[in-house]
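Novice: To start, I am sharing the structure in question, which I have written as structure tokens.
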Amino acid sequence: MTPNPLKTQADRRKERIDDLAATAGGSPSGTVTGAGEIEESPGVSLIASAWRRLRRNPVFLVGAGITLAFVVLAIIAPWIAPHDPTQGLLLDKVRQQSNPIPGSEPGFPLGADNRGRDLLSRLLVGAQQTLIVGVGATVIGLVGGLTLGTLAGAFGGWVDSFIMRIVDVMLSIPSLLLAMSLAAVAARPSQMTVILAIAIVEIPIFARLLRGSMLAVRSSDHVLAARALGVKQSAVVFRHIIPNSLAPVIVQATIVLATAIIDAAALSFLGLGNPDDRKPEWGQMLGASQEFLGDHPHLAFYPAACIIIVALGFTLMGESLREALDPKSRR
Amino acid sequence: MLRFIVRRLLQMVGVVIVLSLLVFIWLRSLPGGTVSAMLGDRATPESTARLTKQLGLDQPLWVQYGRFVKRVLSGDFGLSTGVLPGRDALDLFLSRMPATIELSILALIIAVAAGIPLGYLAARRRASTLDNLSIVGSLVGVAVPVFFLAFVLKYIFAIQLGVLPVSGRQSTGLDATRVTGFFVLDGILTREWDASWDAFKHLILPALALSSIPFAVIFRITRASVLEVMDEDYVRTAESKGLATSTIRSRHILRNALLPVITTIGLQTGGLLVGAVLTERVFSLGGVGDALATAFTLRDYAVLQVLILAAAVTFVLVNLVVDILYAVIDPRVRTR
């Protein structure tokens, strides 16, 4: 995947996205079938062969396991949390001591935060909002990117050029800086504005990715065959081109789930996050812990550990998916 | 070569124009707008109206954009309202810049010095323990929020062990002569070695935290690129010619494998800038990133517009330098 040296710098950032896009469609042209590939009969679809490899890949299993555990936790958290995460149950302890953070005691294994709220309950319930931020930002970015990418990829011509110019300018700004600038525009910051700021940054990436893979699929044999049989343009796009172009987009979405959660934490840290902490979120908890770092590092440590584990889970899953869906690694 | 540079410069001008338009629209859409931000709590209907007229905000948008460009070109961004109230915004940016440049350079040096050799070794010993460990390490490196890594480093080395300073750019009570504003360089120029060393010690932890993501990226690109080049025909040819292994490694493999790595290093500047905002905040380093974070929190629009524009221009400029560097290394780029 050595970049073409005859390209300018700006082109090369786009190229990285396009390289991923090129893994779409699974057209095995150019791959020489080696003698050892008995497993790979011509009848096995890309998805099926990818799944076969994934099932045995320990990296994928670890990533998927973490992700599954996280989702389950996010769903059942309100029932298993020992206390109400919004109630300052240890508030009297906060006021009494010169030391403002209540430590652990019976019933409160991790102690409480600076407002006397049970830390364990906040962490458990925090999984829910964290999942919402990650999935919300990814889905909005995905839908926006898919819409733009489909328009560009399906119509071509001036629609394509126009959309891609916008996308290219957006890609030329460092992503978290763009997210910060967008978050600052919100008059009343909330969970939604955080999600939107992160999502908008992802739109150009998804758009470029989908357009690239649609271009790759558009000229493949099965699309040509459908055209030759007289299938309608819309049916060709929605039934034949898009479904086959989605693989790299799904890979990217898995990775965006991780970066969205990390970026949300960074926004909170900079005071651009959701100021309302009645519904705890890990990034928000981590951002708020900075003033107590010197004496109470555990307030930062627990939410950070949760974020790192979950982000690692998504990343491992994404990386192994990328490898499995890449036609070049089919052996 | 000259034509190449001129063409890239022209392209850059286009990008900067689009960016200035974007920044202008962005500034107009910020909540409260410039007037209420500048007046703050002292705003009365009369003073608001006066300042609106004074700033030309009652003019059509395209006139406003024209004025905005004129002011930007003359370096007049107004006075800071929050970061250092009353200070000229451009002045503030220029005085903060050296700290960030020092930090970024050191972080980049760490990332390159660790990433390239490790990536090369990992590729040569593919699937070894070293390879697997470094891959896992680079994945974890990306999953850790930069500012949390800064927290941890600060907590362990500064607060608990006390071997490195907790925050700031130099120890209090140290009376160092200022020449350039780059504290490490100043110490060397004036031969105040202890001042230079002191400033350097203040940079170590922030730079380590900041280098985590560029390191992970440079490592992975180097590894992938070396693996690819090792498979090339010309490497096999060199081997069959009976060239010494060291010659093949340095001339055929490393030299070609490093081309994509150079591009990647250029791409990391954007990330460094954002990372600097987060790490400088943790270590109160008093650089541009610190100012940007404070400006966002306090909604200091005068400072924000300088910093955002400067960030965008820096990003574009660094990319230009990387392109030229690339053309110097690889003559094929020039002949297009």
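Identifiers in this document derive from the order of the structure tokens: chains are assigned A, B, ..., residues are numbered from 1 separately in each chain, and ligands are numbered from 1 in order of occurrence.
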Env of Trp79 of chain A: 10 Å cut, atoms = only C-alpha atoms, seq-sep filter 4 positions within chain, self excluded. Answer as a list in words.
Specialist: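 Non-adjacent residues within range: Leu73, Ile75, His83, Leu124 and Val125 of chain A.
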Novice: Neighbouring residues of Phe148 of chain B were defined as those with any atom within 9 Å, considering only C-alpha atoms; residues of the same chain fewer than 2 positions away were excluded. Please report them as a list in words.
Specialist: Leu286, Ala300, Phe301 and Ala304 of chain A; Val144, Pro145, Val146, Ala150, Phe151, Val152, Leu153, Ala209, Thr279 and Val282 of chain B
Novice: Please produce a file of the residues just selected, as a PDB file, in the first residue's frame, where the atoms kept are N, CA, C and O atoms.
Specialist:
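Output contents, as saved in part_9.pdb:
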```
ATOM      1  N   LEU A 286     -14.480  11.586  33.706  1.00  0.00           N
ATOM      2  CA  LEU A 286     -13.027  11.742  33.591  1.00  0.00           C
ATOM      3  C   LEU A 286     -12.658  13.224  33.494  1.00  0.00           C
ATOM      4  O   LEU A 286     -11.740  13.700  34.159  1.00  0.00           O
ATOM      5  N   ALA A 300     -10.222   9.786  38.537  1.00  0.00           N
ATOM      6  CA  ALA A 300      -9.893   9.788  37.111  1.00  0.00           C
ATOM      7  C   ALA A 300      -9.655   8.372  36.622  1.00  0.00           C
ATOM      8  O   ALA A 300     -10.018   8.013  35.506  1.00  0.00           O
ATOM      9  N   PHE A 301      -9.043   7.563  37.504  1.00  0.00           N
ATOM     10  CA  PHE A 301      -8.596   6.242  37.074  1.00  0.00           C
ATOM     11  C   PHE A 301      -9.749   5.333  36.637  1.00  0.00           C
ATOM     12  O   PHE A 301      -9.697   4.715  35.582  1.00  0.00           O
ATOM     13  N   ALA A 304     -11.466   6.346  33.336  1.00  0.00           N
ATOM     14  CA  ALA A 304     -10.477   6.223  32.264  1.00  0.00           C
ATOM     15  C   ALA A 304     -10.265   4.755  31.913  1.00  0.00           C
ATOM     16  O   ALA A 304     -10.216   4.385  30.733  1.00  0.00           O
TER      17      ALA A 304
ATOM     18  N   VAL B 144      -5.903   5.019  24.672  1.00  0.00           N
ATOM     19  CA  VAL B 144      -5.798   5.830  25.884  1.00  0.00           C
ATOM     20  C   VAL B 144      -5.993   7.314  25.541  1.00  0.00           C
ATOM     21  O   VAL B 144      -5.277   7.835  24.703  1.00  0.00           O
ATOM     22  N   PRO B 145      -6.965   7.975  26.165  1.00  0.00           N
ATOM     23  CA  PRO B 145      -7.114   9.409  25.916  1.00  0.00           C
ATOM     24  C   PRO B 145      -5.826  10.143  26.284  1.00  0.00           C
ATOM     25  O   PRO B 145      -5.249   9.877  27.337  1.00  0.00           O
ATOM     26  N   VAL B 146      -5.357  11.023  25.392  1.00  0.00           N
ATOM     27  CA  VAL B 146      -4.065  11.686  25.573  1.00  0.00           C
ATOM     28  C   VAL B 146      -3.984  12.402  26.920  1.00  0.00           C
ATOM     29  O   VAL B 146      -2.983  12.310  27.626  1.00  0.00           O
ATOM     30  N   ALA B 150      -1.424  11.937  30.142  1.00  0.00           N
ATOM     31  CA  ALA B 150      -0.731  13.061  30.757  1.00  0.00           C
ATOM     32  C   ALA B 150      -0.972  13.082  32.267  1.00  0.00           C
ATOM     33  O   ALA B 150      -0.045  13.270  33.051  1.00  0.00           O
ATOM     34  N   PHE B 151      -2.223  12.849  32.666  1.00  0.00           N
ATOM     35  CA  PHE B 151      -2.579  12.728  34.088  1.00  0.00           C
ATOM     36  C   PHE B 151      -1.690  11.696  34.778  1.00  0.00           C
ATOM     37  O   PHE B 151      -1.098  11.960  35.819  1.00  0.00           O
ATOM     38  N   VAL B 152      -1.645  10.502  34.177  1.00  0.00           N
ATOM     39  CA  VAL B 152      -0.945   9.383  34.795  1.00  0.00           C
ATOM     40  C   VAL B 152       0.544   9.701  34.940  1.00  0.00           C
ATOM     41  O   VAL B 152       1.135   9.522  36.006  1.00  0.00           O
ATOM     42  N   LEU B 153       1.150  10.204  33.849  1.00  0.00           N
ATOM     43  CA  LEU B 153       2.575  10.540  33.891  1.00  0.00           C
ATOM     44  C   LEU B 153       2.837  11.588  34.969  1.00  0.00           C
ATOM     45  O   LEU B 153       3.789  11.502  35.736  1.00  0.00           O
ATOM     46  N   ALA B 209       3.600  12.305  26.806  1.00  0.00           N
ATOM     47  CA  ALA B 209       2.162  12.101  26.645  1.00  0.00           C
ATOM     48  C   ALA B 209       1.745  12.429  25.217  1.00  0.00           C
ATOM     49  O   ALA B 209       1.012  11.682  24.573  1.00  0.00           O
ATOM     50  N   THR B 279      -2.541  18.242  26.395  1.00  0.00           N
ATOM     51  CA  THR B 279      -1.421  18.038  27.320  1.00  0.00           C
ATOM     52  C   THR B 279      -0.986  19.345  27.988  1.00  0.00           C
ATOM     53  O   THR B 279      -0.660  19.364  29.163  1.00  0.00           O
ATOM     54  N   VAL B 282      -3.084  19.977  30.951  1.00  0.00           N
ATOM     55  CA  VAL B 282      -2.777  19.182  32.136  1.00  0.00           C
ATOM     56  C   VAL B 282      -1.550  19.736  32.853  1.00  0.00           C
ATOM     57  O   VAL B 282      -1.506  19.803  34.078  1.00  0.00           O
TER      58      VAL B 282
END
```
Novice: Mind checking which residues fall within 9 Å of Gly266 of chain B, counting only C-alpha atoms, ignoring those fewer than 4 positions away in the same chain, and posting them as an MDAnalysis selection string?
Specialist: (chainID A and resid 9) or (chainID B and resid 261:262 270 315 318:319 321:323)
Novice: Per DSSP on the backbone, what are the helix (DSSP H, G or I) residues of segment 10-209 of chain B, as a ChimeraX atom specification?
Specialist: /B:10-29,33-42,45-54,61-73,89-124,129-143,146-160,183-189,193-209
Novice: Would you tabulate, counting only C-alpha atoms, all residues of chain B that have an atom at most 8 Å from an atom of chain A, showing the closest pair of atoms and their distance in Å to one decimal, sorted by chain then ascending number, as a Markdown table?
Specialist:
```
| residue | atom | partner | partner_atom | distance |
| --- | --- | --- | --- | --- |
| B:Val15 | CA | A:Val169 | CA | 7.7 |
| B:Val18 | CA | A:Val169 | CA | 7.9 |
| B:Leu19 | CA | A:Val169 | CA | 8.0 |
| B:Trp26 | CA | A:Val185 | CA | 7.7 |
| B:Ser29 | CA | A:Val185 | CA | 6.4 |
| B:Leu30 | CA | A:Val185 | CA | 4.6 |
| B:Pro31 | CA | A:Ala187 | CA | 5.0 |
| B:Gly32 | CA | A:Ala187 | CA | 7.7 |
| B:Leu139 | CA | A:Leu312 | CA | 7.1 |
| B:Val140 | CA | A:Leu312 | CA | 6.4 |
| B:Ala143 | CA | A:Ala311 | CA | 5.4 |
| B:Val144 | CA | A:Ile308 | CA | 5.4 |
| B:Pro145 | CA | A:Ile262 | CA | 5.8 |
| B:Phe147 | CA | A:Ala266 | CA | 7.4 |
| B:Phe148 | CA | A:Ala304 | CA | 7.0 |
| B:Phe151 | CA | A:Leu293 | CA | 7.6 |
| B:Tyr155 | CA | A:Gly294 | CA | 7.0 |
| B:Ile159 | CA | A:Gly294 | CA | 7.1 |
| B:Ser225 | CA | A:Thr2 | CA | 6.9 |
| B:Glu228 | CA | A:Met1 | CA | 7.6 |
| B:Pro260 | CA | A:Thr2 | CA | 6.5 |
| B:Thr263 | CA | A:Gln9 | CA | 7.0 |
| B:Leu267 | CA | A:Arg13 | CA | 7.5 |
| B:Gly270 | CA | A:Pro174 | CA | 5.0 |
| B:Gly271 | CA | A:Pro174 | CA | 6.5 |
| B:Val274 | CA | A:Leu177 | CA | 6.1 |
| B:Leu278 | CA | A:Ala266 | CA | 7.5 |
| B:Ala293 | CA | A:Leu270 | CA | 6.0 |
| B:Phe296 | CA | A:Ala184 | CA | 6.9 |
| B:Thr297 | CA | A:Gly271 | CA | 5.8 |
| B:Ala312 | CA | A:Ile173 | CA | 6.7 |
| B:Phe315 | CA | A:Ile173 | CA | 7.9 |
| B:Asn319 | CA | A:Gln9 | CA | 6.2 |
| B:Leu320 | CA | A:Gln9 | CA | 7.5 |
| B:Val322 | CA | A:Gln9 | CA | 7.2 |
| B:Asp323 | CA | A:Gln9 | CA | 5.6 |
| B:Asp330 | CA | A:Pro5 | CA | 7.6 |
| B:Arg332 | CA | A:Leu6 | CA | 6.7 |
| B:Val333 | CA | A:Leu6 | CA | 4.8 |
| B:Arg336 | CA | A:Leu6 | CA | 6.8 |
```
Novice: For a quick check of understanding, using only C-alpha atoms, which of A:Arg165, A:Arg322, A:Arg117, A:Arg218 has the smallest distance to Asp84 of chain A?
Specialist: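 Counting only C-alpha atoms, the residue closest to Asp84 of chain A is A:Arg117.
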